[in-house]
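To keep things clear, I will list the structure first and then write my remarks on it.
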Amino acid sequence: MKDSSLHEQDAEQPDSNAVKRALRSFKLNIWLAVTTAVYGATLFGVRLHPDWSPWLKITLALTPILPGLLYLRNGLQLLRGLDELQRRIQLEAWLFAALGTVVVGTIINVFNVHGLGGNRLAHGLEVGGTYLTMFMLWCVGVTIANCRYR
Amino acid sequence: MKNRLRELRAERQWSQGELAEKLGVSRQTINAIETEKYDPSLPLAFKIGLLFKQPIERIFAPEA
């Protein structure tokens with residue numbers, strides 16, 4: 001009787017751990033969403049109130065670092081939980097995206113040096129353009145890698 | 001790398017999905033190994049050897 005209850009406990013353990021982990025992850029994601037929303041709102045505040053103290057502005061500017069690190073941690077946990085082929089596909093896609101972004105950025109800079117770049121790309125890719133290019137190249141990379149291992 | 005995974009799986013009449021579940025990987029991984037598009041990691045190769053009760057070198061062989 002004692003043994004069977006012990007086995008039942010053992011069988012229940014992984015499930016309850018998985019539920020706890022999922023709950024923790026859910027809470028963290030909610031918190032991240034709230035932080036991101038609050039940060040978005042404060043950006044408008046800074047624009048509307050240029051008289052705010054520089055220290056407050058600096059603190060607000062640095063706020064995204066914390067949720068950014070947590071997003072990174074979440075991403076790494078997700079990568080660790082992947083199956084080994086999926087992990088390889090993701091790493092190949094990220095490498096493709098990173099190198100592709102460097103190449104695109106370099107081409108735009110070369111165009112700008114020779115005066116061939118348009119007004120839109122006068123300052124290179126900038127932050128938004130870099131993320132967008134990286135995301136698009138990541139999508140292409142994942143598609144190519146999935147086709148290769150299909 | 002050549003392998004006998006498809007043959008061993010067929011002997012036991014397991015689907016790719018069933019084998020994937022037993023090994024704790026995705027069906028895509030099993031398919032990629034069987035079609036020799038992907039070489040498994042050493043821990044996964046050992047898992048496969050243990051599951052089929054055969055040494056790794058009898059399942060996987062280098063290309064001639």
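Please note that chains go A, B, ... in the order of the structure tokens, that every chain numbers its residues from 1, and that ligands are numbered from 1 in the order shown.
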*Given a cut-off of 6 Å, which residues of chain B touch chain A, counting only C-alpha atoms, written out as a list in words?*
Val25, Thr29 and Ala32 of chain B
_DSSP on the backbone: which residues in stretch 33-148 of chain A end up as helix (DSSP H, G or I)? Give the answer as a PyMOL selection string._
chain A and resi 33-48+54-62+65-80+84-113+126-148
Residue neighbourhood B:Ile48, 10 Å, only C-alpha atoms, exclusion window fewer than 4 positions, as an mmCIF file with N, CA and C atoms, in the first residue's frame:
```cif
data_model
loop_
_atom_site.group_PDB
_atom_site.id
_atom_site.type_symbol
_atom_site.label_atom_id
_atom_site.label_comp_id
_atom_site.auth_asym_id
_atom_site.auth_seq_id
_atom_site.Cartn_x
_atom_site.Cartn_y
_atom_site.Cartn_z
ATOM 1 N N LEU B 5 17.803 3.049 -39.279
ATOM 2 C CA LEU B 5 16.691 3.423 -38.399
ATOM 3 C C LEU B 5 15.331 3.047 -39.002
ATOM 4 N N LEU B 19 8.004 6.439 -32.662
ATOM 5 C CA LEU B 19 9.435 6.391 -32.348
ATOM 6 C C LEU B 19 9.898 7.736 -31.768
ATOM 7 N N LYS B 22 8.936 7.937 -28.176
ATOM 8 C CA LYS B 22 9.781 7.091 -27.316
ATOM 9 C C LYS B 22 11.152 7.726 -27.073
ATOM 10 N N LEU B 23 11.639 8.469 -28.084
ATOM 11 C CA LEU B 23 12.970 9.075 -27.964
ATOM 12 C C LEU B 23 12.924 10.505 -27.428
ATOM 13 N N PRO B 40 22.230 12.508 -35.937
ATOM 14 C CA PRO B 40 21.831 12.800 -34.551
ATOM 15 C C PRO B 40 23.033 13.100 -33.657
ATOM 16 N N LEU B 42 25.344 12.657 -30.244
ATOM 17 C CA LEU B 42 25.795 11.415 -29.599
ATOM 18 C C LEU B 42 24.799 10.921 -28.541
ATOM 19 N N PRO B 43 24.258 11.811 -27.672
ATOM 20 C CA PRO B 43 23.264 11.320 -26.695
ATOM 21 C C PRO B 43 22.043 10.696 -27.368
ATOM 22 N N LEU B 44 21.577 11.295 -28.472
ATOM 23 C CA LEU B 44 20.400 10.735 -29.158
ATOM 24 C C LEU B 44 20.759 9.405 -29.817
ATOM 25 N N PHE B 52 16.718 0.170 -29.337
ATOM 26 C CA PHE B 52 16.708 -0.998 -30.234
ATOM 27 C C PHE B 52 17.621 -2.126 -29.738
ATOM 28 N N LYS B 53 18.216 -1.914 -28.565
ATOM 29 C CA LYS B 53 19.119 -2.899 -27.932
ATOM 30 C C LYS B 53 20.220 -3.347 -28.890
ATOM 31 N N GLN B 54 20.838 -2.380 -29.533
ATOM 32 C CA GLN B 54 21.935 -2.672 -30.460
ATOM 33 C C GLN B 54 23.031 -1.628 -30.272
ATOM 34 N N PRO B 55 24.311 -2.020 -30.495
ATOM 35 C CA PRO B 55 25.367 -1.004 -30.394
ATOM 36 C C PRO B 55 25.234 0.032 -31.516
ATOM 37 N N ILE B 56 25.705 1.232 -31.218
ATOM 38 C CA ILE B 56 25.559 2.337 -32.181
ATOM 39 C C ILE B 56 26.112 1.976 -33.561
ATOM 40 N N ILE B 59 23.882 0.424 -35.996
ATOM 41 C CA ILE B 59 22.766 1.245 -36.507
ATOM 42 C C ILE B 59 23.297 2.335 -37.447
#
```
*Could you name the residues that touch A:Gly75 at 12 Å or less, counting only C-alpha atoms, but leaving out those on the same chain fewer than 6 positions away, as an NGL selection string?*
:A and (25 or 29 or 68-69 or 81-82 or 87 or 90)
Write a file of the selected residues as a short mmCIF file (atom, residue, chain, number, x, y, z; two decimals), in the first residue's frame, keeping N, CA and C atoms.
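So the final result, stored in part-v3.cif, reads:
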```
data_model
loop_
_atom_site.label_atom_id
_atom_site.label_comp_id
_atom_site.auth_asym_id
_atom_site.auth_seq_id
_atom_site.Cartn_x
_atom_site.Cartn_y
_atom_site.Cartn_z
N SER A 25 5.95 30.87 -15.84
CA SER A 25 6.23 31.46 -17.14
C SER A 25 5.10 32.40 -17.56
N ASN A 29 5.32 36.37 -18.22
CA ASN A 29 4.91 36.97 -19.49
C ASN A 29 3.90 38.09 -19.28
N GLY A 68 13.92 43.49 -21.13
CA GLY A 68 14.71 42.96 -22.26
C GLY A 68 15.50 41.74 -21.86
N LEU A 69 16.14 41.81 -20.68
CA LEU A 69 16.92 40.68 -20.17
C LEU A 69 16.01 39.48 -19.88
N GLY A 81 14.52 24.16 -24.44
CA GLY A 81 13.45 23.17 -24.41
C GLY A 81 13.16 22.55 -25.77
N LEU A 82 13.80 23.09 -26.82
CA LEU A 82 13.51 22.58 -28.16
C LEU A 82 14.18 21.24 -28.41
N ARG A 87 16.42 23.04 -32.60
CA ARG A 87 17.44 23.95 -32.06
C ARG A 87 18.44 24.31 -33.16
N GLN A 90 16.83 26.71 -35.58
CA GLN A 90 16.77 28.07 -35.03
C GLN A 90 18.14 28.73 -35.06
#
```
*Measure the distance from atom CA of A:Thr63 to atom CA of A:Leu99 in Å and round it to one decimal.*
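Atom-to-atom, atom CA of A:Thr63 to atom CA of A:Leu99, that is 28.7 Å.
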_Please determine, counting only C-alpha atoms, which residue among A:Leu60, A:Leu76, A:Leu66, A:Met134 has the shortest atom-to-atom distance to A:Leu32._
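Once distances to A:Leu32 are computed over only C-alpha atoms, the minimum belongs to A:Leu66.
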*Mind giving me the straight-line distance from atom CA of B:Ala61 to atom CA of B:Ile33 in Å, one decimal?*
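We find that atom CA of B:Ala61 and atom CA of B:Ile33 lie 12.6 Å from each other.
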*Distance in Å - atom CA of B:Ala45 versus atom CA of B:Ser15*: 18.4 Å
*Using only C-alpha atoms, which of the listed residues (A:Asn74, A:Gly100, A:Gly129, A:Arg80) sits closest to A:Arg24?*
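Going through A:Asn74, A:Gly100, A:Gly129, A:Arg80 one by one, the smallest distance to A:Arg24 is for A:Asn74.
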*For each of A:Val113, A:Val38, A:Ala97, A:Cys147, take the minimum atom-to-atom distance to A:Thr130, counting only C-alpha atoms, then give the residue where this is smallest.*
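Closest residue, counting only C-alpha atoms: A:Ala97.
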*Show which residues sit within 7 Å of A:Ile108, as a list in words. Count only C-alpha atoms, and ignore same-chain residues fewer than 4 positions away.*
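Everything that qualifies: Val104, Asn112, Gly117 and Gly124 of chain A.
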